[in-house]
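Novice: Before I ask anything, here is the structure I am working with.
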Amino acid sequence: MKTVQHLSLAAAATLSALASLSAHADDGVVIYGRLNATFENVSVSGGHSRTMVNDNASRIGFRGTEDLGGGMAVIYQIESRIRVDGNDAGTALATRDTWVGLRTQQGTLRLGRSLGPIYYALYDYISMHNHDTGTSSDALLSSAIFGNSNAAGGRMNNQIWYTSPKLGGFTFDATYALLAEEPAASGSTRTPHNLGLVTSYDAGPLHAAVSYASTQNTTNLDSTGASVRFNNDRAVTAGGAYNFGPLVVGALFERSKRSTLTEDMTRNYWRVSAMVPMGPHEFHANYGRAGDYSGTNDTAAAQYTLAYNYNLSKRTKLYTYYTKIDNDAARRTGGGGAYSFLGTTPGLDNSSVALGIRHNF
């Protein structure tokens with residue numbers, strides 16, 4: 001069955017590519033993608049480890065524009081997860097950011113699914129060493145940012161996304177997503193949803209952003225199995241990056257709040273990153289720390305990465321990194337799916353030493 005699925009997906013992608021090139025070449029259709037894989041040894045405290053080839057969010061996509069005149073254009077994107085490590089999880093068509101939209105002089109409106117502008121303007125922006133993918137991806141951010149979703153890399157379905165025109169360096173984005181969950185059985189008619197608001201500022205070497213995310217009705221709070229849900233997650237984040245030339249630095253600070261039926265818990269999280277480019281060489285350092293949830297002990301965690309990239313060309317690089325997550329006694333954080341075989345016992349530290357290659361096309 002898997003072989004048939006692989007052949008079907010490959011055939012569909014090939015036919016789509018050929019159709020796009022032949023029938024719509026004048027519309028500016030672009031085929032793009034990324035192949036990104038590491039050979040690494042992942043381990044947890046206590047001596048358990050595994051050596052593996054790990055895919056780092058490889059992808060293939062189609063995007064295009066049709067000019068409608070008068071400053072209007074239809075824009076679209078279909079992006080799918082592909083893997084080079086033999087694991088076919090999440091590789092169906094259009095599993096990544098996929099949408100159709102209208103661009104006008106008053107702004108751009110998209111309908112579809114995506115991680116949303118907050119993630120791209122803040123968390124992904126400062127993860128410079130490996131595009132916030134794989135075992136060294138940010139494991140400590142609030143899940144309110146992407147609707148508490150663990151499916152397809154946290155992407156939200158049923159999403160409407162507005163982006164304003166740039167004015168004096170400022171851009172405003174707003175998203176609203178109807179999450180793929182049932183309303184509460186307690187009689188509430190409020191549909192589970194995510195709201196995201198972010199204002200970004202770009203001027204020369206400076207990028208800065210501030211955001212607010214609210215995810216409502218997404219946590220099952222009843223262990224008996226009844227569908228009891230409650231408004232539960234919010235996060236305010238500020239951060240950005242500055243390119244000094246010989247040094248690029250990034251930072252963010254997040255204040256999040258999680259509500260349950262009986263209590264409210266807050267948490268502070270911050271991350272800093274730095275890159276020193278020297279010709280084809282890049283030297284990276286990245287450190288984040290999430291504090292204890294209010295009213296709890298031993299729920300903090302820290303994550304750090306040291307990395308080196310060597311750019312063979314503008315599209316291809318070799319890289320290596322060491323990354324580690326230090327969990328307090330009651331914390332279960334793991335870095336990426338590569339650690340799933342190690343379990344989720346509280347307090348386990350996990351780490352990886354990796355050697356990788358990335359190619360963009």
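We name chains A, B, ... following the order of the structure tokens; residues begin at 1 in each chain, and ligands are numbered from 1 as shown.
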Can you pull out the residues contacting A:Ala241? Cut-off 6 Å, using only C-alpha atoms, and skip same-chain residues under 5 positions away; I want them as a PDB file with N, CA and C atoms, in the first residue's frame.

Specialist:
ATOM      1  N   HIS A 207      15.013  44.243  11.558  1.00  0.00           N
ATOM      2  CA  HIS A 207      13.680  43.649  11.498  1.00  0.00           C
ATOM      3  C   HIS A 207      13.174  43.518  12.929  1.00  0.00           C
ATOM      4  N   VAL A 249      22.479  39.452  14.956  1.00  0.00           N
ATOM      5  CA  VAL A 249      21.930  39.029  16.244  1.00  0.00           C
ATOM      6  C   VAL A 249      20.410  39.042  16.177  1.00  0.00           C
ATOM      7  N   GLY A 250      19.795  38.136  16.920  1.00  0.00           N
ATOM      8  CA  GLY A 250      18.344  38.069  17.015  1.00  0.00           C
ATOM      9  C   GLY A 250      17.927  37.761  18.438  1.00  0.00           C
TER      10      GLY A 250
END

Novice: Set the distance at 9 Å and use only C-alpha atoms: which residues neighbour A:Leu348 once local chain neighbours fewer than 3 positions away are removed? I'd like the list as a list in words.

Specialist: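 With the cut-off at 9 Å, the set is Val44, Ser45, Gly46, Ile325, Asp326, Asn327, Asp328, Ala329, Arg331, Arg332, Thr333, Gly334, Thr344 and Thr345 of chain A.
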
Novice: State, in Å with one decimal place, the distance from atom CA of A:Asn243 to atom CA of A:Tyr125.

Specialist: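 According to the coordinates, atom CA of A:Asn243 and atom CA of A:Tyr125 are separated by 12.4 Å.
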
Novice: Could you name the residues that touch A:Asn87 at 10 Å or less, counting only C-alpha atoms, but leaving out those on the same chain fewer than 4 positions away, as a short mmCIF file (atom, residue, chain, number, x, y, z; two decimals) with C-alpha atoms, in the first residue's frame?

Specialist:
data_model
loop_
_atom_site.label_atom_id
_atom_site.label_comp_id
_atom_site.auth_asym_id
_atom_site.auth_seq_id
_atom_site.Cartn_x
_atom_site.Cartn_y
_atom_site.Cartn_z
CA ASN A 54 16.83 12.63 9.79
CA ASP A 55 14.87 14.76 7.34
CA ILE A 82 8.70 15.47 1.21
CA ARG A 83 11.21 13.32 3.05
CA THR A 91 3.89 13.55 2.87
#

Novice: Find the residues around A:Asp173 up to 12 Å (only C-alpha atoms counted), leave out those fewer than 5 positions away in its own chain, and share them as JSON, numbers by chain.

Specialist: {"A": [107, 108, 109, 110, 116, 117, 118, 119, 120, 121, 160, 161, 162, 163, 164, 165, 166, 195, 196, 197, 198, 199, 200, 201, 209, 210, 211, 212, 213]}

Novice: Work out how far atom CA of A:Tyr32 is from atom CA of A:Arg59, in Å to one decimal.

Specialist: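 Distance between the two atoms: 8.4 Å.
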
Novice: At what distance in Å, to one decimal, does atom CA of A:Leu179 lie from atom CA of A:Ile75?

Specialist: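 Those two atoms sit 23.6 Å apart.
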
Novice: Can you tell me, as a list in words, what residues are no more than 9 Å from A:Ala307 when counting only C-alpha atoms, ignoring any on the same chain fewer than 5 positions away?

Specialist: His129, Asn130, Glu282, Phe283, His284, Ala285, Asn286, Tyr319, Thr320, Tyr321, Tyr322 and Thr323 of chain A

Novice: Show me a table, sorted first by chain and then by increasing residue number, of the residues of stretch 100-128 of chain A having an atom at most 12 Å from stretch 244-248 of chain A, each with its shortest atom pair and the distance in Å to one decimal, counting only C-alpha atoms and written as CSV.

Specialist:
residue,atom,partner,partner_atom,distance
A:Tyr125,CA,A:Val248,CA,11.7
A:Ile126,CA,A:Val248,CA,9.5
A:Ser127,CA,A:Val248,CA,11.3
A:Met128,CA,A:Val248,CA,9.3
